[in-house]
Structure formats: structure tokens, C-alpha cells
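A short worksheet on the structure shown next.
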Amino acid sequence: MKLPSLRLPDRIGWRDHLIGASLGLVYLVWLLATARSLGFPRDEGVYFHAGAEYARWWRSLFERGSEALQQGAIDSAFSANHEHPALMKTLFGMSGWLFHDKWHVFSDASTAFRLPGMATAALAIWVTYLFGARAWSRRSGLVAAVLFALMPRVFFHAHLACFDVPITAMWILCIYVHWRALKVRSFGWILAVGVVFGLTLETKHNAWALPFVLVPHALFVQRHAFVRALKAGRVAIPGSVVSMAVVGPIVFLALWPYLWNDTLARIQFWVEFHLHHDYYNIEFLGKNYFSAPSPRSYLPVMVAATVPTVTLVLFFVGALDRGAVAFRRVRAWLRALFRRPPGDVPPRDPLETDLLLALSFLAAVFLFLFRSNTPIFGGTKHWMPAYPVLALYAGHGFDLAVTAMGRALPRLDRRRKLATQALLFACVTFGPLAITAHSHPFGLSSYVPLIGGTAGGADLGLNRQFWGYTTQDAAEEYLNPKAPRGATVFIHDTTWDAWARMQEEGRVRGDLRAVGAPAEAMFSLVQHELHMNEVDYSIWVADGTDAPAYIVEHDGVPIVSVYRRP
Amino acid sequence: MTSPTTACKLRAALSRTSLQRWAFLALPLVGLLELTAHAIQTRSVASGDDWVTARAYVAAQAKPADLVAFAPRWADPIGREHFGPGLATIEREARPDETRFPRALEVSIRGAHLPAFDGWHRANEQRFGSVTVTTWENPAPAQVIDDLVSLVDPQHLRVSRGDADCNFVHGSPQSGNLGFGPTVPGDRFVCPSNGFVGVSVVADLDYVPHRCIFAPPPGNAPLRLRFADVRFGHTLHGHHALYVEAERDRKGAPVTIRFTTGGSTLGAVVHRDGEGWKPFELDTSALAGQKGDLEIEIASPGGERRLYCFEADTR
């Protein structure tokens, strides 16, 4: 019997969507399988609540119609967490209602709430694969998607009902759709740019930076038409830009009912809230930063400390190669300008993909790299939209390595060639896979081997965690088996909502009672961060002992101390 | 036959070409190195047994006057967990500085050392698996005569605010979450209407703990502390600070602490926001060998969140 050929056609098509979607699906399954072992960060509790409120309103809209459209009804639901747009929270809430309350797909309501965020991680992988496959090769796309997925911080945030991975996914989707619209130039694709931009705006305010990517890129791609039109006395604005400007805001406003009343004032509040955001504490190189100026080295050091090194090396290889191509093009253009022979000119890319990716990367990191008054309390999550592009260049770097391997080993038959490529793939992905899998559930404490792993991060004085989500680990490892019935627990940085939900879902014993001060508690928790040391010392005096009864550790580094009053 | 020069050139060209040809191997090599480093790092954690063995050694070696300390600083909670409050006492953990200790047993992992022991003599080093105990000898330890922090009790201290005496109470400690400030200890002098004095642990500007006399000046009337029968030496040595969140923004009023004895002022020192755990030393040579009451006045023109703490000893 002869097996059908597995060779894919050259043209990128539905099979590639299938590959991208499958990669995303595998990641989604991994996220779902590990979701229960991750506690609830502070922000997540707020979004669970807001999501449930938003979903309640949408249901009431379909059940009661115009009654739900009154300002009182809208505001009572959407006032919760109105400093962030509604899209993801609405999805969290709808997912919680459908997959937990109604259909009982998930026994934990939190997993149902988290599902949309996880799905956006899958979407980001899918789009990254497609982008790489179309821009360079399927191999590039595959490696890019895998290396993006195998960033420990991405894996951590992908679990959460928060906005950081969703904005990463929507950002790269927006870039991709814009790129495709420039290529295909159909009405459907142009309309899609506006819709996706609106959805991205409706996901998180990082989207404000996207026009600085898409508009100059679209104008540059269509510069000849633009100049020709200008000479003819017309202004030819690219269709995707028009779509962004017209359709984007409509989608944005349509999906955020809170803005349907007092629109300008509420948009102004939203903008000002983020332009003048509070500073929270973050430790960097042993120093606690709680206000501007933020250190300029924060972004590069944190990227080097949290993104697997092999991914970064591949990124540099890929980016340098594309940078060299861009340099040769600029040099040829300059030579032509001075009427000199152009020399070696690389083939022109009509879509200016390198420019688009470079602008996208720069826009995502700009505020953190070049403005010292940008708050840095969220660590790496703030510039995560740059990571799909980073991964794409890493994918291209891998492609170059495979090509070089082909040159070095020209006599290999097809099977051996495939085997060596698979080996190369394993060499560059097994490390990130091991590091990412090992980081869970302490994704914020975990650092890459280049700086010595978790202990190396502690040595360097890099932030250990934030949001108080590790209380669940303290409960699983110590409180649940050891605490007497009805014991009081000082829960430190964990919110009351998060504690209540952990009890509701059986992660923390239901009889344990949370209290707000060490002096009231039989057990006291300290989630270790530099500025949280003061809580540690408070417990010493309140309890009369400085010796924790138990410590949750990751690779020998303290994550949570548990004190038991003598 | 080729000449030696041509052969050299050819070899160089060949090696350059072959270097370029195989340069791609650097990428999988980086991947494999990273994987190997990850495997080594995650398996080289100090075990509980290592800590327990080190503890037994330190318990046998440490004298009451010795310091027991852990390095690096982030390993401190693990050290306290394994060594317990008998060895890792609050007095040692929240020490004012290292000058009073004749010897230090430094328990460390990952080859770390505390900078405080730079200039001390390394007398011994013992390894217990991944845990190392280094014995350091202080070349010039200070002889502490009286430590005021250990004299905060009704037998040795009277506290007043304005004209009113502050009574000593055995109450419950008052503590809170992040931002609350140091725990108000259960055993404390409580002043009428406002103010208290007791021993607590403050987080300084670098989040380092210090055991000290927590005495926030209320603002309108100074706090007065009178220690009875203090034995004087050549100096009055001490430190003072405000709780980190009270002084890091540098917006608060300065706090002045004045020391007097027998009607004459020994000296006054001012703590301004942003100065952190600030040392001071007053010359008491004229009083060396004598005993007397030591009066301390703590005042600040603005009482807003002046969560002030100080320690002092005679030496």
C-alpha cells in the first residue's frame, strides 16, 4: 500500500490554518491541564467579578430589552473596573456563565473565566505561525509559534483571566490582518483591519500605539500611489488606514456599553487613568522602585533574564539577517540617489514586511526602553506584544540555520535531511520547553539559566512575584494538611475575593478564616518581595518568633513563608 | 609541492571556510547548553539535610555573644526556618550593626558572603553539602556596657509626654498589612491621649530589619524617656530611622533626639527623611565608668506618620 504524500503545497492555505490552529489547541490543552495549580492574582479577582457583572448585563439585554439600556442599568454593571475596556471581561463572564454555570463543562468557575484568555494565547500562536509561514517559510512559522509559546512569562500570563496575553494576541492579529489587507486589497480584508483594530482597542490600551505602526507602514508601502495622487491634487489614504479610523472606533464604542453615556468624559477618564497611572513597587537589581524614574536597563535586562537564551540568540540571527537586507536596500537607494551603480540589491518586498515587524516591535517596547517615567510594576507583561515579533525573527534565524546546515551537509538524502532538521529543532526547543514547564506555577519567580535560574534571579535582586497568587501553594503544601480546624490565617497580599474563590473551589480548606493582620492570626503568610519584608518583620513582633514554620520554595528560593504563632 | 607560506594561507582560508560552514552549530549548542544549565541549576539546591547538619554544627559552636547570619540575604527565611528562633534570634537577625559581635558564624549557600564581614578574619570554614559555615573573627569588637533596647521595661525606664506619665501595659500587639508600619508591641508604654514607646522591628530604607525602640513623636509635645542607672562608657553609640514608607518620599518633618544626663546635654542628632538607618555616636568619655540616669527627648515639628525608631548603647 502506498501512503499519500504528506508534502504540503507551496501556497499557504487552509492546511496552514489547520497547523496553526492545532499548535494553538495543544497549547490551550496544556494551559487547561495546569490551570488548577495556579492561584489567583489580585487583578484576576477583580476581573472575575467585573466579567460576571458584564455578562449579567448582556443577558439582561436579551431578556429585558430596553430596560437594560437605561444608564442606571448599564452603569450598575459596567462601573466595575471601568478603567479597562470591556471585551475580555465580557468574554470571561460569558465563558463563566456558559461553561461553568450553564453547561458544567468545567467544575471550577475560575477555569471557565480563564478560558477566553487562554484561547487568545492559542490565537497568538496560530497567527504567529501563519505570519512566519507567509513571510518566510513554514519552518520559520512553526519555530516562531513554538518559541513564542515556550516563553515562561507568556505561559504564566496565558493562564490568567487578565489582558496581557489577549492584547499580545490582538496586537499580532491586527498587524497580520493589516499586512494581508495590503497584499489582498479586497474590501473584506480592509474591513477586517478596522474590526480587528477596534477589538484590539477594546482589549487593552496598548492598542493606542498601533496607529504609529500601521499608518506609517501603509503610507510607505503605498508611497508611490500616495505621491502620484498628491501630484494630481488628491489625497490617497490607504484603505486599511481609513478602515482603522472609521470602523475601529465604532467597534470599540459598540462593545463597551459604559461609554454609551457621558462618552467623552468617560473616554477622557480612561485615557488619563493610564497616562497618569499610579506607580507600584517593583524590585530590580536589589533596589525597590516605587516611582519614576524607572531604570532604562529594566527592559533589556528583564528580557535577557526571562526569555530563553536560545530564543534570543535565534532572534538576533534572524533580525541581523533582515537588518542586513534592509541595509543593502537603503545603500542601493542612496547610491541611486547619487547616480551611482546600485551594487548588490536584494529583491524588493512590496509589503515591506521587515519595516512592519520592526515598527511593531519598537512600538511595543518604546515606552519602556526610551521613557524613564513609564511605570514598570508589571514587569515583562507590559511589553509582551513585542514577543510574537521576537519569535518570528527567531523562526527566521532557525530557517537560516537549517539552510546553513544544508550547505554544510549537501549529500544527505531527504530522510536524513529531515532527521537532522528535527534534531536541530529539538536542540533549540527542548531547553525552552523544560524551562517553561519547570517554571509553573511560579512563572513570575522563574528566571532563565543564563542568569542562574530562579536562584540567580534572587541573587541579582530581581522581582520574585507580585499579586499574592502563591497563597494557594502555601495552602496545598502546609495549611490544608496542618492547620487546626477553623484556624485564622493572615493572607497578606491575597485579596479577600481570591481567598473566597480558592475556598469555593476547594483549593483552600473551607474552614480556615482569613484575617487582615498578623496579630489576629494563628498562621501568617508572607509572599516574598523586597518591599514585603516589612510584613515579615511585623509578624516577628506580633508572634514573638522570626522562624517560619514552613516555606514554599522554588529551586530553593523562598516564595511564601508560613508562620505559626507559638 | 606548495611553499610553506602558500600552505599556511591555504590552511587559513580552509579553516575560515570550514568555520563559516559549521557556524550554524553554535545555535543548537546554545540550546543544549541552556538545557544542561537548567538541569544542573534545578538539581543543585541545598537540601533540608544540609541545613540541618549545618545547624547542629552552629548550635555546638555559637556562643551567646556570637552573631549567626545567613547569606545571601534572600536565603535568610530558609536559615530562620531551619535554625529556629533559638539560634536565629530576633536580636541577631534585626541587629543594629555587626560592631558588637566578637565572632560571626555565617551560614551561606551559593558561595555568597555578607559584605559586613569584609575586613574580618576568616577563622574557619566547614562545608555541609551545599551549605557552608564560615567563622569570622571581628578584629575590633565593641564592648557594649548597656543596651538601651534591652532596658525598655518599667524597672529601667519611665516615659512621659509633655507633663503626663505614660503607663506600661501588657496589651496585645497591633499590626497590619503592607503600609501599616512596624508592629506596635504588646508590651509598651502608653501615653494619655496619644503616643507610645515599645520595642519593635523596623524595616529601614533598604528593607533591612532593625530591632529598636519604637517611639513616634506625636508632634505637639515631645516624648521623654528616662533610663535609670545607665552605666556609661566612652561613647553613646546608636542608630535611628523611620519606617521605610514614612521616610522614602522625603516629605516628612525631621525628628530630633536629644540625650542628657545630670542636667547636661550629651548631644542631639537629627534624622531627616531619606537618611535611612543612620548611625550616630556621642562622646561620653567624661562619664566613663559612672552610672546615671539618661534622659532622651524625641521631638518633631510635624507628627504626621513620624514612625520613628532608635537604638543606642553605651560602650
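Just so we're on the same page: first chain in the C-alpha cells is A, next is B, and so on; residues restart at 1 for each chain, and ligands are numbered from 1 in the order they show up.
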
Within 7 Å of chain B, which residues of chain A show up? Give each one with its shortest atom-to-atom distance in Å (one decimal) and the two atoms involved, counting only C-alpha atoms, rows by chain then rising residue number, as a tab-separated table.
```
residue	atom	partner	partner_atom	distance
A:Val310	CA	B:Gly31	CA	5.2
A:Ala401	CA	B:Phe24	CA	5.2
A:Ala404	CA	B:Phe24	CA	6.2
A:Met405	CA	B:Phe24	CA	6.7
A:Ala408	CA	B:Arg21	CA	5.5
A:Leu424	CA	B:Pro28	CA	6.1
A:Cys427	CA	B:Pro28	CA	5.0
A:Val428	CA	B:Gly31	CA	4.7
A:Phe430	CA	B:Leu35	CA	7.0
A:Gly431	CA	B:Leu35	CA	4.3
A:Ile435	CA	B:His38	CA	6.9
A:Pro449	CA	B:His38	CA	5.3
A:Gly452	CA	B:Gln41	CA	6.8
A:Gly453	CA	B:Gln41	CA	6.6
A:Ala458	CA	B:Trp74	CA	6.7
A:His492	CA	B:Asn177	CA	6.3
A:Gly516	CA	B:Gly176	CA	6.6
A:Ala517	CA	B:Gly176	CA	4.4
A:Pro518	CA	B:Ser175	CA	6.1
A:Ala519	CA	B:Ser175	CA	5.6
A:Leu530	CA	B:Tyr207	CA	6.9
A:His531	CA	B:Tyr207	CA	6.6
A:Met532	CA	B:Leu178	CA	6.8
A:Asn533	CA	B:Tyr207	CA	6.2
A:Glu534	CA	B:Ala203	CA	5.3
A:Val535	CA	B:Leu178	CA	6.1
A:Tyr537	CA	B:Val201	CA	6.0
A:Ser538	CA	B:Thr183	CA	5.0
A:Val541	CA	B:Ser200	CA	6.2
A:Ala542	CA	B:Pro173	CA	5.6
A:Thr545	CA	B:Pro85	CA	6.1
A:Asp546	CA	B:Pro85	CA	6.1
A:Ala547	CA	B:Arg80	CA	4.9
A:Pro548	CA	B:Glu81	CA	5.0
A:Ala549	CA	B:Glu81	CA	6.3
A:Tyr550	CA	B:Glu81	CA	6.8
A:Asp555	CA	B:Thr42	CA	5.8
A:Gly556	CA	B:Val45	CA	5.5
A:Val557	CA	B:Ala75	CA	7.0
A:Pro558	CA	B:Ile78	CA	7.0
```

Q: Once DSSP has gone over the backbone, tell me which residues of range 79-111 of chain B are in helix (DSSP H, G or I), as a PyMOL selection string.
A: chain B and resi 79-87+90-93

**Q.** Contacts of Leu351 in chain A within 9 Å, only C-alpha atoms, excl. fewer than 3 positions in-chain, as a PyMOL selection string
**A.** chain A and resi 179-180+182-183+217-218+221+348+354-356

Please produce a file of those selected residues containing C-alpha atoms, as a PDB file, in the first residue's frame.
```pdb
ATOM      1  CA  TRP A 179      -0.373  43.099   6.233  1.00  0.00           C
ATOM      2  CA  ARG A 180      -2.780  40.761   4.472  1.00  0.00           C
ATOM      3  CA  LEU A 182      -2.190  45.393   1.837  1.00  0.00           C
ATOM      4  CA  LYS A 183      -1.484  42.235  -0.125  1.00  0.00           C
ATOM      5  CA  HIS A 217       3.778  51.378   7.204  1.00  0.00           C
ATOM      6  CA  ALA A 218       0.691  51.630   4.989  1.00  0.00           C
ATOM      7  CA  VAL A 221       4.015  50.636   1.125  1.00  0.00           C
ATOM      8  CA  ARG A 348      12.117  44.277  -3.124  1.00  0.00           C
ATOM      9  CA  ASP A 354      10.600  43.948   7.762  1.00  0.00           C
ATOM     10  CA  LEU A 355       9.533  47.544   8.258  1.00  0.00           C
ATOM     11  CA  LEU A 356       6.180  46.435   9.630  1.00  0.00           C
TER      12      LEU A 356
END
```

(Q) Taking 3 positions as the minimum chain separation for residues in the same chain, which residues sit within 10 Å of Phe99 in chain A when counting only C-alpha atoms? Answer as a ChimeraX atom specification. (A) /A:93-96,102-109,111-113,115

Q: Tell me which protein, DNA and RNA residues are within 6 Å of range 286-291 of chain B, counting only C-alpha atoms, leaving out same-chain ones fewer than 3 positions away, and put them as a ChimeraX atom specification.
A: /B:229-234

Hey, can you spit out that residue selection with all heavy atoms as a PDB file, in the first residue's frame?
```
ATOM      1  N   ASP B 229      19.900  54.526  86.013  1.00  0.00           N
ATOM      2  CA  ASP B 229      21.171  53.843  86.331  1.00  0.00           C
ATOM      3  C   ASP B 229      21.875  53.235  85.127  1.00  0.00           C
ATOM      4  O   ASP B 229      22.275  52.071  85.140  1.00  0.00           O
ATOM      5  CB  ASP B 229      20.925  52.734  87.374  1.00  0.00           C
ATOM      6  CG  ASP B 229      20.507  53.320  88.712  1.00  0.00           C
ATOM      7  OD1 ASP B 229      20.896  54.482  88.993  1.00  0.00           O
ATOM      8  OD2 ASP B 229      19.770  52.642  89.443  1.00  0.00           O
ATOM      9  N   VAL B 230      22.016  54.035  84.125  1.00  0.00           N
ATOM     10  CA  VAL B 230      22.740  53.573  82.936  1.00  0.00           C
ATOM     11  C   VAL B 230      24.243  53.648  83.218  1.00  0.00           C
ATOM     12  O   VAL B 230      24.731  54.643  83.771  1.00  0.00           O
ATOM     13  CB  VAL B 230      22.379  54.444  81.703  1.00  0.00           C
ATOM     14  CG1 VAL B 230      23.236  54.074  80.501  1.00  0.00           C
ATOM     15  CG2 VAL B 230      20.899  54.296  81.382  1.00  0.00           C
ATOM     16  N   ARG B 231      24.937  52.585  82.845  1.00  0.00           N
ATOM     17  CA  ARG B 231      26.398  52.575  83.035  1.00  0.00           C
ATOM     18  C   ARG B 231      27.042  53.164  81.779  1.00  0.00           C
ATOM     19  O   ARG B 231      26.861  52.631  80.687  1.00  0.00           O
ATOM     20  CB  ARG B 231      26.889  51.135  83.262  1.00  0.00           C
ATOM     21  CG  ARG B 231      26.341  50.514  84.557  1.00  0.00           C
ATOM     22  CD  ARG B 231      26.669  49.043  84.634  1.00  0.00           C
ATOM     23  NE  ARG B 231      25.981  48.300  83.593  1.00  0.00           N
ATOM     24  CZ  ARG B 231      26.299  47.058  83.236  1.00  0.00           C
ATOM     25  NH1 ARG B 231      27.310  46.428  83.828  1.00  0.00           N
ATOM     26  NH2 ARG B 231      25.618  46.438  82.306  1.00  0.00           N
ATOM     27  N   PHE B 232      27.764  54.244  81.971  1.00  0.00           N
ATOM     28  CA  PHE B 232      28.346  54.931  80.814  1.00  0.00           C
ATOM     29  C   PHE B 232      29.733  54.391  80.482  1.00  0.00           C
ATOM     30  O   PHE B 232      30.459  53.915  81.351  1.00  0.00           O
ATOM     31  CB  PHE B 232      28.435  56.443  81.076  1.00  0.00           C
ATOM     32  CG  PHE B 232      27.086  57.105  81.080  1.00  0.00           C
ATOM     33  CD1 PHE B 232      26.431  57.384  82.273  1.00  0.00           C
ATOM     34  CD2 PHE B 232      26.472  57.435  79.875  1.00  0.00           C
ATOM     35  CE1 PHE B 232      25.193  57.987  82.257  1.00  0.00           C
ATOM     36  CE2 PHE B 232      25.226  58.044  79.863  1.00  0.00           C
ATOM     37  CZ  PHE B 232      24.575  58.311  81.063  1.00  0.00           C
ATOM     38  N   GLY B 233      30.074  54.505  79.241  1.00  0.00           N
ATOM     39  CA  GLY B 233      31.428  54.188  78.780  1.00  0.00           C
ATOM     40  C   GLY B 233      32.000  55.412  78.088  1.00  0.00           C
ATOM     41  O   GLY B 233      31.639  56.548  78.417  1.00  0.00           O
ATOM     42  N   HIS B 234      32.783  55.185  77.078  1.00  0.00           N
ATOM     43  CA  HIS B 234      33.409  56.321  76.383  1.00  0.00           C
ATOM     44  C   HIS B 234      32.510  56.924  75.313  1.00  0.00           C
ATOM     45  O   HIS B 234      32.693  58.073  74.921  1.00  0.00           O
ATOM     46  CB  HIS B 234      34.749  55.890  75.778  1.00  0.00           C
ATOM     47  CG  HIS B 234      35.787  55.625  76.832  1.00  0.00           C
ATOM     48  ND1 HIS B 234      36.516  56.628  77.429  1.00  0.00           N
ATOM     49  CD2 HIS B 234      36.179  54.472  77.432  1.00  0.00           C
ATOM     50  CE1 HIS B 234      37.330  56.119  78.331  1.00  0.00           C
ATOM     51  NE2 HIS B 234      37.137  54.796  78.349  1.00  0.00           N
TER      52      HIS B 234
END
```

Q.
Write out as a ChimeraX atom specification the set of residues from range 63-236 of chain B that DSSP, computed on the backbone, places in strand (DSSP E).
A. /B:67-71,103-108,121-128,131-137,146-147,157-161,164-170,187-190,196-203,209-214,223-231,235-236

Q) Any idea what's packed within 12 Å of Ser193 in chain B, counting only C-alpha atoms, ignoring anything in its chain fewer than 4 positions away? Could you give it as a list in words? A) Ser160, Arg161, Gly162, Ala164, Asp165, Cys166, Asn167, Pro218, Asn220 and Ala221 of chain B

Q. Can you tell me, as a ChimeraX atom specification, what residues are no more than 7 Å from range 129-142 of chain A when counting only C-alpha atoms, ignoring any on the same chain fewer than 4 positions away?
A. /A:12,16,20,125,146,176,392,395-396,398-399

Suppose we keep N, CA, C and O atoms; can you now write the selection as a CSV table (one decimal), in the first residue's frame?
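After the write, result.csv holds the following:
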```csv
chain,number,residue,atom,x,y,z
A,12,ILE,N,0.4,28.9,0.8
A,12,ILE,CA,-0.1,28.9,2.2
A,12,ILE,C,-1.6,28.9,2.1
A,12,ILE,O,-2.2,29.8,1.5
A,16,ASP,N,-2.4,25.2,6.4
A,16,ASP,CA,-1.6,26.0,7.3
A,16,ASP,C,-2.5,26.5,8.5
A,16,ASP,O,-2.0,26.6,9.6
A,20,GLY,N,-1.6,25.9,12.3
A,20,GLY,CA,-1.5,26.9,13.3
A,20,GLY,C,-2.6,26.7,14.4
A,20,GLY,O,-2.3,26.8,15.6
A,125,ILE,N,-0.5,32.1,18.9
A,125,ILE,CA,0.3,31.0,18.3
A,125,ILE,C,-0.1,30.8,16.9
A,125,ILE,O,0.8,30.7,16.0
A,146,VAL,N,6.3,28.0,18.2
A,146,VAL,CA,6.7,27.2,19.3
A,146,VAL,C,7.5,28.0,20.3
A,146,VAL,O,7.3,27.9,21.5
A,176,TYR,N,-1.1,41.4,11.4
A,176,TYR,CA,-1.2,40.4,10.4
A,176,TYR,C,-2.3,40.8,9.4
A,176,TYR,O,-2.1,40.7,8.2
A,392,LEU,N,9.1,35.6,15.7
A,392,LEU,CA,9.1,35.5,14.2
A,392,LEU,C,10.5,35.6,13.7
A,392,LEU,O,11.0,34.8,12.9
A,395,GLY,N,12.3,32.5,14.5
A,395,GLY,CA,11.9,31.5,13.5
A,395,GLY,C,12.7,31.7,12.2
A,395,GLY,O,13.2,30.7,11.6
A,396,HIS,N,12.9,32.9,11.8
A,396,HIS,CA,13.7,33.2,10.6
A,396,HIS,C,15.2,32.8,10.9
A,396,HIS,O,15.8,32.2,10.0
A,398,PHE,N,16.2,30.4,12.8
A,398,PHE,CA,16.2,28.9,12.7
A,398,PHE,C,16.3,28.5,11.2
A,398,PHE,O,17.0,27.6,10.8
A,399,ASP,N,15.5,29.2,10.4
A,399,ASP,CA,15.5,28.9,9.0
A,399,ASP,C,16.9,29.1,8.4
A,399,ASP,O,17.3,28.2,7.5
```

Q) Nearest to Asp283 in chain B: which of B:His271, B:Lys251, B:His237, B:Arg95 is it, counting only C-alpha atoms? A)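 Looking only at the distances to Asp283 in chain B, the closest residue turns out to be B:His237.
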